[in-house]
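One file, target_34.txt, carrying compact mmCIF, C-alpha atoms:
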```
# COMPACT_ATOMS: atom_id res chain seq x y z
CA MET B 1 112.48 125.95 89.54
CA ARG B 2 115.49 125.16 91.74
CA ASN B 3 113.70 126.53 94.81
CA ARG B 4 110.59 124.49 93.97
CA ARG B 5 112.63 121.29 93.77
CA ARG B 6 114.36 122.12 97.04
CA TRP B 7 110.98 122.76 98.71
CA LYS B 8 109.67 119.44 97.37
CA ARG B 9 112.64 117.61 98.85
CA VAL B 10 112.08 119.37 102.17
CA LEU B 11 108.43 118.36 102.23
CA ILE B 12 109.20 114.73 101.37
CA GLY B 13 111.76 114.69 104.14
CA ALA B 14 109.24 116.19 106.56
CA PHE B 15 106.59 113.58 105.78
CA ALA B 16 108.99 110.66 105.93
CA GLY B 17 110.90 112.08 108.88
CA CYS B 18 107.80 112.37 111.05
CA ALA B 19 106.94 108.74 110.36
CA VAL B 20 110.49 107.63 111.02
CA LEU B 21 110.60 109.45 114.34
CA ALA B 22 107.33 107.79 115.28
CA ASP B 23 108.46 104.30 114.37
CA ALA B 24 112.21 104.51 114.00
CA GLY B 25 112.96 100.84 113.34
CA ALA B 26 110.93 99.44 110.50
CA ALA B 27 109.94 102.80 109.02
CA ALA B 28 113.53 103.98 108.77
CA ALA B 29 114.56 100.83 106.95
CA GLN B 30 111.63 101.17 104.58
CA ALA B 31 112.36 104.82 103.89
CA ALA B 32 115.97 104.07 103.05
CA ALA B 33 115.03 101.33 100.61
CA SER B 34 112.02 102.97 98.94
CA THR B 35 111.92 103.63 95.22
CA GLU B 36 109.34 105.07 92.88
CA GLN B 37 106.98 102.43 91.53
CA LEU B 38 105.68 101.95 88.00
CA ALA B 39 101.90 102.08 88.12
CA ILE B 40 100.01 99.40 86.20
CA SER B 41 97.12 100.82 84.19
CA THR B 42 97.07 98.56 81.13
CA PRO B 43 95.33 95.18 80.71
CA PRO B 44 97.30 92.04 81.61
CA ALA B 45 99.61 90.03 79.38
CA GLY B 46 97.79 88.26 76.56
CA SER B 47 95.33 91.10 75.95
CA ALA B 48 96.82 92.08 72.58
CA ALA B 49 96.59 88.51 71.29
CA TRP B 50 93.05 88.23 72.71
CA VAL B 51 91.88 91.26 70.74
CA GLN B 52 93.44 89.87 67.53
CA ASP B 53 91.90 86.41 67.99
CA HIS B 54 89.03 85.97 65.50
CA SER B 55 88.85 82.18 65.72
CA PHE B 56 85.65 82.29 67.76
CA GLY B 57 83.74 83.76 64.84
CA ARG B 58 83.21 86.98 66.75
CA THR B 59 85.27 89.88 68.06
CA LEU B 60 86.49 89.35 71.58
CA PRO B 61 85.79 92.42 73.75
CA ASP B 62 88.81 94.62 74.36
CA PRO B 63 89.78 94.41 78.06
CA ALA B 64 91.01 98.02 77.91
CA THR B 65 87.67 99.52 76.90
CA THR B 66 84.86 97.04 77.63
CA SER B 67 82.68 97.79 80.64
CA PRO B 68 82.09 95.06 83.24
CA ALA B 69 78.41 95.03 82.24
CA ALA B 70 79.30 94.36 78.59
CA ALA B 71 81.86 91.79 79.68
CA ALA B 72 79.22 89.96 81.70
CA ASP B 73 76.94 89.82 78.64
CA PHE B 74 79.78 88.50 76.49
CA PHE B 75 80.76 85.68 78.84
CA ALA B 76 77.10 84.74 79.34
CA SER B 77 76.79 84.26 75.57
CA LEU B 78 79.53 81.59 75.39
CA ALA B 79 79.16 77.83 75.48
CA PRO B 80 81.02 75.86 78.19
CA THR B 81 83.53 74.57 75.63
CA GLU B 82 84.27 78.14 74.51
CA LEU B 83 84.78 79.25 78.10
CA ASP B 84 87.14 76.35 78.71
CA ARG B 85 89.16 77.32 75.69
CA LEU B 86 89.37 80.97 76.71
CA ILE B 87 90.73 80.24 80.18
CA LYS B 88 93.22 77.80 78.70
CA ASP B 89 94.48 80.22 76.02
CA TYR B 90 94.13 83.50 77.95
CA PRO B 91 94.17 82.79 81.70
CA LEU B 92 95.53 86.20 82.68
CA VAL B 93 92.93 88.02 80.61
CA VAL B 94 89.96 86.03 81.92
CA GLY B 95 91.29 85.92 85.47
CA ASN B 96 91.45 89.72 85.66
CA TYR B 97 88.29 90.51 83.67
CA ASP B 98 85.84 92.37 85.92
CA GLY B 99 82.38 91.21 84.91
CA ALA B 100 83.46 87.64 84.08
CA PRO B 101 81.79 84.84 86.10
CA LEU B 102 83.53 84.37 89.44
CA ASP B 103 84.09 80.63 89.12
CA LEU B 104 85.60 81.19 85.69
CA ARG B 105 88.03 83.72 87.14
CA TYR B 106 89.03 81.38 89.95
CA ARG B 107 89.76 78.63 87.42
CA ALA B 108 91.67 80.94 85.11
CA ASN B 109 93.81 82.27 87.92
CA ARG B 110 94.80 78.77 89.02
CA ILE B 111 96.13 78.22 85.51
CA ALA B 112 97.94 81.58 85.53
CA LEU B 113 99.39 80.95 88.99
CA THR B 114 100.61 77.49 88.03
CA ALA B 115 102.33 78.90 84.96
CA GLU B 116 103.99 81.65 87.01
CA ARG B 117 105.16 79.19 89.66
CA ASP B 118 106.67 76.90 87.04
CA ARG B 119 108.35 79.83 85.30
CA ALA B 120 109.84 81.02 88.59
CA ARG B 121 111.06 77.53 89.46
CA ALA B 122 112.76 77.26 86.09
CA ARG B 123 114.56 80.56 86.70
CA ALA B 124 115.56 79.44 90.18
CA ALA B 125 117.20 76.35 88.70
CA ASP B 126 118.96 78.23 85.89
CA ARG B 127 122.66 78.33 86.81
CA LYS B 128 123.33 80.91 84.12
CA LEU B 129 121.58 83.46 86.32
CA ASP B 130 123.28 85.12 89.28
CA SER B 131 122.47 83.98 92.80
CA ASP B 132 120.40 87.06 93.68
CA THR B 133 118.17 86.55 90.66
CA ARG B 134 117.74 82.87 91.50
CA ASP B 135 116.90 83.71 95.11
CA LEU B 136 114.22 86.14 93.97
CA ALA B 137 112.81 83.44 91.70
CA VAL B 138 112.65 81.01 94.62
CA SER B 139 110.76 83.58 96.66
CA ARG B 140 108.32 84.26 93.81
CA ALA B 141 107.72 80.53 93.29
CA ASN B 142 106.99 80.03 97.00
CA ASP B 143 104.64 83.03 97.17
CA VAL B 144 102.67 81.77 94.18
CA ASP B 145 102.64 78.16 95.35
CA HIS B 146 100.94 79.18 98.60
CA LEU B 147 98.11 80.73 96.60
CA LEU B 148 97.55 77.39 94.85
CA ALA B 149 96.60 75.64 98.10
CA PRO B 150 93.21 73.86 97.93
CA GLY B 151 90.22 76.05 98.66
CA ARG B 152 91.84 79.39 97.88
CA GLN B 153 89.72 81.65 95.65
CA ILE B 154 91.97 84.00 93.70
CA LEU B 155 89.85 86.69 92.11
CA ALA B 156 92.72 88.39 90.28
CA PHE B 157 96.40 87.76 89.64
CA ASP B 158 98.89 89.79 87.61
CA PRO B 159 102.58 88.82 87.79
CA ARG B 160 103.87 92.13 86.44
CA GLY B 161 106.23 94.09 88.68
CA ARG B 162 105.90 93.22 92.36
CA GLY B 163 102.75 91.24 91.56
CA LEU B 164 99.06 92.03 92.09
CA VAL B 165 96.71 89.54 93.72
CA SER B 166 93.18 89.60 95.14
CA GLU B 167 91.51 86.82 97.09
CA VAL B 168 88.01 86.01 98.31
CA TRP B 169 86.86 84.50 101.60
CA GLY B 170 83.31 83.16 101.60
CA ASP B 171 80.88 82.53 98.76
CA LEU B 172 81.08 85.83 96.91
CA ALA B 173 78.38 84.99 94.37
CA ASP B 174 75.78 84.27 97.05
CA ALA B 175 76.93 86.62 99.83
CA GLU B 176 74.37 88.89 101.46
CA ARG B 177 77.09 91.27 102.65
CA ILE B 178 80.41 91.95 100.90
CA SER B 179 83.48 93.71 102.29
CA VAL B 180 86.40 94.94 100.18
CA LEU B 181 89.72 95.59 101.90
CA VAL B 182 91.89 98.22 100.17
CA PRO B 183 95.42 98.00 101.63
CA GLY B 184 98.15 100.61 101.79
CA SER B 185 101.90 100.70 101.20
CA ASP B 186 103.99 97.58 100.61
CA ALA B 187 101.02 95.39 99.67
CA ASP B 188 102.01 93.08 96.80
CA LEU B 189 102.38 89.41 95.95
CA GLY B 190 105.34 88.95 98.27
CA HIS B 191 103.57 90.57 101.22
CA PHE B 192 100.02 89.45 100.48
CA ASP B 193 99.86 86.60 102.99
CA GLN B 194 102.49 86.68 105.72
CA SER B 195 102.84 83.84 108.21
CA ALA B 196 104.82 86.07 110.58
CA GLU B 197 102.69 89.01 111.76
CA PRO B 198 99.75 88.03 109.53
CA LEU B 199 97.77 91.16 110.37
CA ARG B 200 100.37 93.21 108.50
CA SER B 201 99.19 91.52 105.28
CA PRO B 202 95.95 91.93 103.29
CA ALA B 203 95.13 88.23 103.54
CA GLY B 204 95.57 88.20 107.31
CA MET B 205 93.36 91.26 107.72
CA ALA B 206 90.68 89.76 105.46
CA ARG B 207 90.69 86.46 107.35
CA ALA B 208 90.27 88.27 110.65
CA LEU B 209 87.40 90.36 109.32
CA HIS B 210 85.60 87.37 107.82
CA ALA B 211 85.92 85.45 111.10
CA GLU B 212 84.55 88.43 113.07
CA GLU B 213 81.63 88.82 110.67
CA ARG B 214 80.72 85.16 111.09
CA LYS B 215 81.03 85.53 114.86
CA GLN B 216 78.69 88.51 114.95
CA ALA B 217 76.21 87.20 112.38
CA PRO B 218 76.57 83.42 111.96
CA ASP B 219 73.38 83.20 109.91
CA THR B 220 74.39 85.90 107.41
CA ARG B 221 76.24 84.88 104.27
CA THR B 222 79.29 87.10 104.04
CA ALA B 223 82.30 87.46 101.75
CA VAL B 224 85.49 89.46 102.12
CA ILE B 225 87.83 90.48 99.29
CA ALA B 226 91.45 91.35 99.97
CA TRP B 227 92.02 93.59 96.97
CA THR B 228 95.64 94.24 96.07
CA GLY B 229 94.59 95.43 92.65
CA TYR B 230 96.83 98.47 92.32
CA VAL B 231 100.55 99.17 92.65
CA THR B 232 101.10 100.43 96.18
CA PRO B 233 103.91 102.68 97.41
CA SER B 234 107.05 100.92 98.55
CA GLY B 235 108.13 102.22 101.93
CA LEU B 236 108.02 105.90 102.82
CA GLY B 237 109.49 107.43 99.68
CA PRO B 238 107.97 109.98 97.29
CA ASP B 239 105.12 107.68 96.23
CA ALA B 240 103.73 107.60 99.77
CA VAL B 241 103.26 111.37 99.91
CA THR B 242 101.72 111.93 96.48
CA SER B 243 98.49 110.69 94.91
CA ARG B 244 100.19 109.42 91.74
CA LEU B 245 99.63 105.72 92.43
CA ALA B 246 96.18 106.37 93.90
CA ASP B 247 95.19 108.24 90.74
CA VAL B 248 95.82 105.04 88.78
CA GLY B 249 94.44 102.72 91.46
CA ALA B 250 91.08 104.48 91.88
CA PRO B 251 89.67 103.60 88.42
CA ARG B 252 90.72 100.00 89.02
CA LEU B 253 88.78 99.99 92.29
CA GLN B 254 85.76 101.49 90.56
CA ARG B 255 85.99 98.77 87.93
CA LEU B 256 86.11 96.08 90.61
CA LEU B 257 82.92 97.45 92.16
CA ALA B 258 81.22 97.63 88.77
CA GLY B 259 82.20 94.02 88.18
CA LEU B 260 80.78 92.96 91.53
CA LYS B 261 77.48 94.57 90.56
CA GLU B 262 77.33 92.16 87.62
CA THR B 263 78.46 88.98 89.36
CA THR B 264 77.04 89.13 92.91
CA ARG B 265 73.58 89.41 94.42
CA PRO B 266 71.82 92.69 93.60
CA ASP B 267 70.95 93.13 97.29
CA ALA B 268 74.55 92.70 98.56
CA PRO B 269 75.98 96.22 98.97
CA PRO B 270 79.78 96.27 99.23
CA ALA B 271 81.50 98.00 102.11
CA LEU B 272 85.01 99.41 101.69
CA LEU B 273 87.75 99.18 104.32
CA CYS B 274 90.59 101.52 103.42
CA HIS B 275 93.86 101.21 105.32
CA SER B 276 96.64 103.79 105.28
CA TYR B 277 97.47 104.81 101.68
CA GLY B 278 94.46 102.75 100.63
CA SER B 279 92.30 105.56 102.00
CA VAL B 280 93.86 107.87 99.40
CA VAL B 281 92.71 105.42 96.72
CA CYS B 282 89.24 105.26 98.25
CA GLY B 283 89.00 109.03 98.48
CA ASN B 284 90.00 109.36 94.85
CA ALA B 285 87.43 106.75 93.81
CA ALA B 286 84.58 108.03 96.00
CA PRO B 287 82.85 110.44 93.57
CA GLU B 288 82.39 107.66 90.99
CA ILE B 289 81.41 104.91 93.42
CA PRO B 290 77.62 105.44 93.13
CA ARG B 291 77.77 104.87 89.38
CA ALA B 292 80.16 101.93 89.74
CA ALA B 293 78.56 100.11 92.66
CA ALA B 294 74.87 101.02 92.83
CA SER B 295 72.40 98.25 92.02
CA PRO B 296 68.71 98.61 91.12
CA SER B 297 67.67 97.25 94.52
CA ASP B 298 69.95 99.60 96.47
CA THR B 299 67.52 102.06 98.02
CA THR B 300 70.12 104.12 99.88
CA GLY B 301 72.65 104.57 97.10
CA VAL B 302 75.35 104.94 99.76
CA THR B 303 78.46 102.80 100.24
CA ASP B 304 79.97 102.45 103.71
CA MET B 305 83.64 103.44 103.62
CA MET B 306 85.82 102.81 106.68
CA VAL B 307 89.17 104.60 106.76
CA PHE B 308 91.77 103.78 109.39
CA GLY B 309 95.42 104.61 109.84
CA SER B 310 94.80 107.21 107.14
CA PRO B 311 97.27 109.88 105.98
CA GLY B 312 94.30 111.72 104.45
CA MET B 313 91.87 111.08 101.61
CA GLY B 314 93.03 113.80 99.25
CA VAL B 315 90.29 116.19 100.37
CA GLN B 316 89.60 118.67 103.16
CA SER B 317 86.20 117.23 104.10
CA THR B 318 83.72 114.51 103.21
CA GLY B 319 81.76 117.12 101.27
CA GLU B 320 84.33 116.78 98.48
CA LEU B 321 83.74 113.01 98.21
CA GLY B 322 80.22 113.26 96.86
CA THR B 323 77.03 111.84 98.31
CA GLY B 324 77.64 108.21 97.43
CA VAL B 325 79.75 107.25 100.46
CA HIS B 326 79.25 107.27 104.22
CA VAL B 327 82.69 107.68 105.75
CA TRP B 328 83.63 106.15 109.10
CA ALA B 329 87.08 106.94 110.50
CA THR B 330 89.39 105.87 113.30
CA ARG B 331 93.02 106.05 114.35
CA ASN B 332 94.44 104.58 117.52
CA PRO B 333 96.74 106.80 119.62
CA SER B 334 99.84 104.64 119.05
CA ASP B 335 99.56 104.69 115.25
CA TRP B 336 102.59 106.56 113.89
CA ILE B 337 100.55 107.90 110.98
CA GLY B 338 99.17 110.50 113.39
CA ASN B 339 102.57 112.21 113.34
CA VAL B 340 102.48 112.76 109.57
CA PRO B 341 101.54 116.35 108.55
CA TYR B 342 97.89 116.47 107.47
CA LEU B 343 98.16 118.95 104.63
CA GLU B 344 98.51 119.19 100.86
CA VAL B 345 101.14 121.50 99.39
CA GLY B 346 102.30 121.45 95.80
CA GLY B 347 100.98 117.94 95.17
CA LEU B 348 102.53 116.54 98.35
CA GLY B 349 100.38 115.28 101.19
CA HIS B 350 96.84 113.98 101.30
CA GLY B 351 94.75 116.71 102.86
CA ALA B 352 92.89 116.84 106.14
CA ASP B 353 92.84 114.25 108.90
CA PRO B 354 89.71 112.07 108.50
CA THR B 355 89.52 111.70 112.28
CA ALA B 356 89.41 115.49 112.82
CA SER B 357 86.11 116.86 114.08
CA GLY B 358 85.61 119.14 111.10
CA PHE B 359 86.26 116.54 108.42
CA GLY B 360 82.73 115.15 108.50
CA ALA B 361 83.42 111.43 108.96
CA GLU B 362 81.59 109.46 111.60
CA GLN B 363 84.09 108.56 114.29
CA ILE B 364 84.37 105.00 115.61
CA SER B 365 86.44 103.52 118.41
CA SER B 366 89.63 101.54 117.88
CA ALA B 367 90.27 100.89 121.57
CA ARG B 368 92.83 98.16 122.29
CA ALA B 369 94.28 98.41 118.77
CA ALA B 370 98.00 99.16 118.76
CA GLY B 371 100.23 100.62 116.08
CA HIS B 372 99.64 101.10 112.39
CA ASN B 373 98.79 97.45 111.69
CA GLY B 374 96.84 96.46 114.79
CA TYR B 375 93.31 97.34 113.73
CA PHE B 376 92.27 93.74 112.99
CA THR B 377 93.57 92.27 116.24
CA GLU B 378 91.00 90.08 117.97
CA GLY B 379 89.23 91.87 120.81
CA THR B 380 89.75 95.40 119.48
CA ASP B 381 86.93 97.84 119.03
CA SER B 382 88.16 98.50 115.49
CA LEU B 383 87.70 94.89 114.37
CA HIS B 384 84.31 94.75 116.07
CA ASN B 385 83.25 97.98 114.37
CA PHE B 386 84.55 96.99 110.93
CA ALA B 387 82.42 93.85 111.04
CA ALA B 388 79.35 95.60 112.45
CA ILE B 389 79.42 98.29 109.77
CA SER B 390 80.08 95.75 107.01
CA LEU B 391 77.07 93.79 108.21
CA GLY B 392 74.88 96.89 108.40
CA HIS B 393 74.53 96.53 112.18
CA TYR B 394 75.01 100.23 112.82
CA GLN B 395 73.36 100.06 116.23
CA ASP B 396 76.27 97.88 117.43
CA VAL B 397 79.03 100.32 116.46
CA VAL B 398 81.19 101.39 119.42
CA ARG B 399 81.97 105.09 119.51
CA PRO B 400 85.21 106.63 120.81
CA ASN B 401 85.73 106.46 124.56
CA THR B 402 82.80 104.11 125.09
CA GLY B 403 84.65 100.79 124.91
CA SER B 404 88.03 101.58 126.46
```
Here is a file; write its structure as structure tokens.
Amino acid sequence: MRNRRRWKRVLIGAFAGCAVLADAGAAAAQAAASTEQLAISTPPAGSAAWVQDHSFGRTLPDPATTSPAAAADFFASLAPTELDRLIKDYPLVVGNYDGAPLDLRYRANRIALTAERDRARARAADRKLDSDTRDLAVSRANDVDHLLAPGRQILAFDPRGRGLVSEVWGDLADAERISVLVPGSDADLGHFDQSAEPLRSPAGMARALHAEERKQAPDTRTAVIAWTGYVTPSGLGPDAVTSRLADVGAPRLQRLLAGLKETTRPDAPPALLCHSYGSVVCGNAAPEIPRAAASPSDTTGVTDMMVFGSPGMGVQSTGELGTGVHVWATRNPSDWIGNVPYLEVGGLGHGADPTASGFGAEQISSARAAGHNGYFTEGTDSLHNFAAISLGHYQDVVRPNTGS
């Protein structure tokens, strides 16, 4: 047992050390500060009271067990006054309920965000609290307040822990093509939408993708979801080299896709863009994606899955992911993730390199992209390819060494 623990520490050090050597500044600081995260797998606050509420003359469906399809039927059965009451009494439940009408979720999340902002402001002004606690409350209030700006469409918000938030660009209900961005480490409420280096944040990446899609296909109705719907690793600690958080995140991603099937156009297949540790989540979710995402009008039954800056997908080849996904992969030469060992030993590591020739993914160019967070930079092949694949314009995809 002692030797096994020592070997585990050695492996963690090897994974983190390779990344630190590749990007000594920011990565080293992250590695030093990283801590294990508590995964969120339970329904949001208010769910217990929701289940016990019999004042509607019917049993409210349990968020922990109700499928998105059944949830859609339930919400469709309610009168407008009943819906208004539900979002007022249970904003966090409705705002996170996959299968609920999109506009209802947007409204509910504005209520939940307003309550969280006001709570954080009250803590910031409470002189009985120490200065560090008050400073954290100020930061939380500011992060939430930005999400309340006019026009923002918050699909999900959960204030627990570091905070989970997902946002939509475009008209999701009427979109002909939908893209879902699954981010990697350090994605949370505080890092969701960064003004400095915006392409390091899920919101910045989603904005860039939506703009590129509109540029390439101005007459196609598109929508992009920045989905920070799972607890991501913090820095380069133990969570980054195990699948523990991805194991919990994958069912949540599957549930999102099942919810989209109920609330978007039946002919709008979602495409997944999986960055860094997000590709571990996508790989974990892949076998169940056909059941979660397939619609009656989907003749191919295949979901496009783009993985980039990936440490691995938890498998040795695409053959282990099932037949429901078509995997596209890229990594630019200056991305430090390429220095991480592509292996899986004793539960550490994430398997083979998706950009390796034997993995089975279709390779795409990321020419002119730089570093681990540069894939959505304007003018890069990666951004062009992400939009082309999301739009279904496969003939426009640039292959490696053709656009350098």
Practice task
Name all residues at most 12 Å from stretch 47-61 of chain B (count all atoms listed in the file; drop same-chain ones fewer than 3 positions away) and give them as number ranges by chain.
Solution key: B: 42-44, 64-75, 77-79, 81-83, 85-87, 89-97, 99-100
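Every protein or nucleic acid residue with an atom no more than 10 Å from B:Leu113, counting all atoms listed in the file and leaving out same-chain residues fewer than 5 positions away, appears here: Pro91, Leu92, Ala108, Asp118, Arg119, Ala141, Asp143, Val144, Asp145, His146, Leu147, Leu148, Ile154, Phe157, Asp158 and Pro159 of chain B.
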Selection export as a tab-separated table (two decimals), in the coordinates of the input, atoms kept: C-alpha atoms:
```
chain	number	residue	atom	x	y	z
B	91	PRO	CA	94.17	82.79	81.70
B	92	LEU	CA	95.53	86.20	82.68
B	108	ALA	CA	91.67	80.94	85.11
B	118	ASP	CA	106.67	76.90	87.04
B	119	ARG	CA	108.35	79.83	85.30
B	141	ALA	CA	107.72	80.53	93.29
B	143	ASP	CA	104.64	83.03	97.17
B	144	VAL	CA	102.67	81.77	94.18
B	145	ASP	CA	102.64	78.16	95.35
B	146	HIS	CA	100.94	79.18	98.60
B	147	LEU	CA	98.11	80.73	96.60
B	148	LEU	CA	97.55	77.39	94.85
B	154	ILE	CA	91.97	84.00	93.70
B	157	PHE	CA	96.40	87.76	89.64
B	158	ASP	CA	98.89	89.79	87.61
B	159	PRO	CA	102.58	88.82	87.79
```
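The shortest atom-to-atom distance to B:Asp247, with only C-alpha atoms taken into account, belongs to B:Asn284 out of B:Ser279, B:Asn284, B:Ser382, B:Thr222.
Among the candidates B:Leu321, B:Ala115, B:Leu257, B:Ala246, the residue lying nearest to B:Ala361 is B:Leu321 (atoms considered: all atoms listed in the file).
The smallest atom-to-atom distance between B:His326 and any of B:Gly301, B:Gly371, B:Gly46, B:Gly204, using only C-alpha atoms, is found for B:Gly301.
In this comparison, which uses only C-alpha atoms, the residue of B:Leu383, B:Val398, B:Ala250, B:Leu199 approaching B:Ser41 most closely is B:Ala250.
Picture a line from atom CA of B:Arg152 to atom CA of B:Ala206; it runs 12.9 Å.
Once B:Thr263 and its same-chain neighbours fewer than 4 positions away are set aside, B:Gly99, B:Pro101, B:Leu102, B:Ala173, B:Gly259 remain within 7 Å of it when counting all atoms listed in the file.
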Exercise for the section: Quote the spacing between atom CA of B:Arg160 and atom CA of B:Asp62 in Å to one decimal place. Expected result: 19.5 Å
Exercise for the section: Would you kindly identify which residues have an atom no farther than 8 Å from (86.1, 99.9, 116.5), using only C-alpha atoms and the file's own coordinates, and write them out as a list in words? Expected result: Thr330, Ile364, Ser365, Ser366, Ala367, Thr380, Asp381, Ser382, Leu383, His384, Asn385, Phe386, Val397, Val398 and Arg399 of chain B
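Coordinates place atom CA of B:Leu273 at a distance of 26.7 Å from atom CA of B:Arg107.
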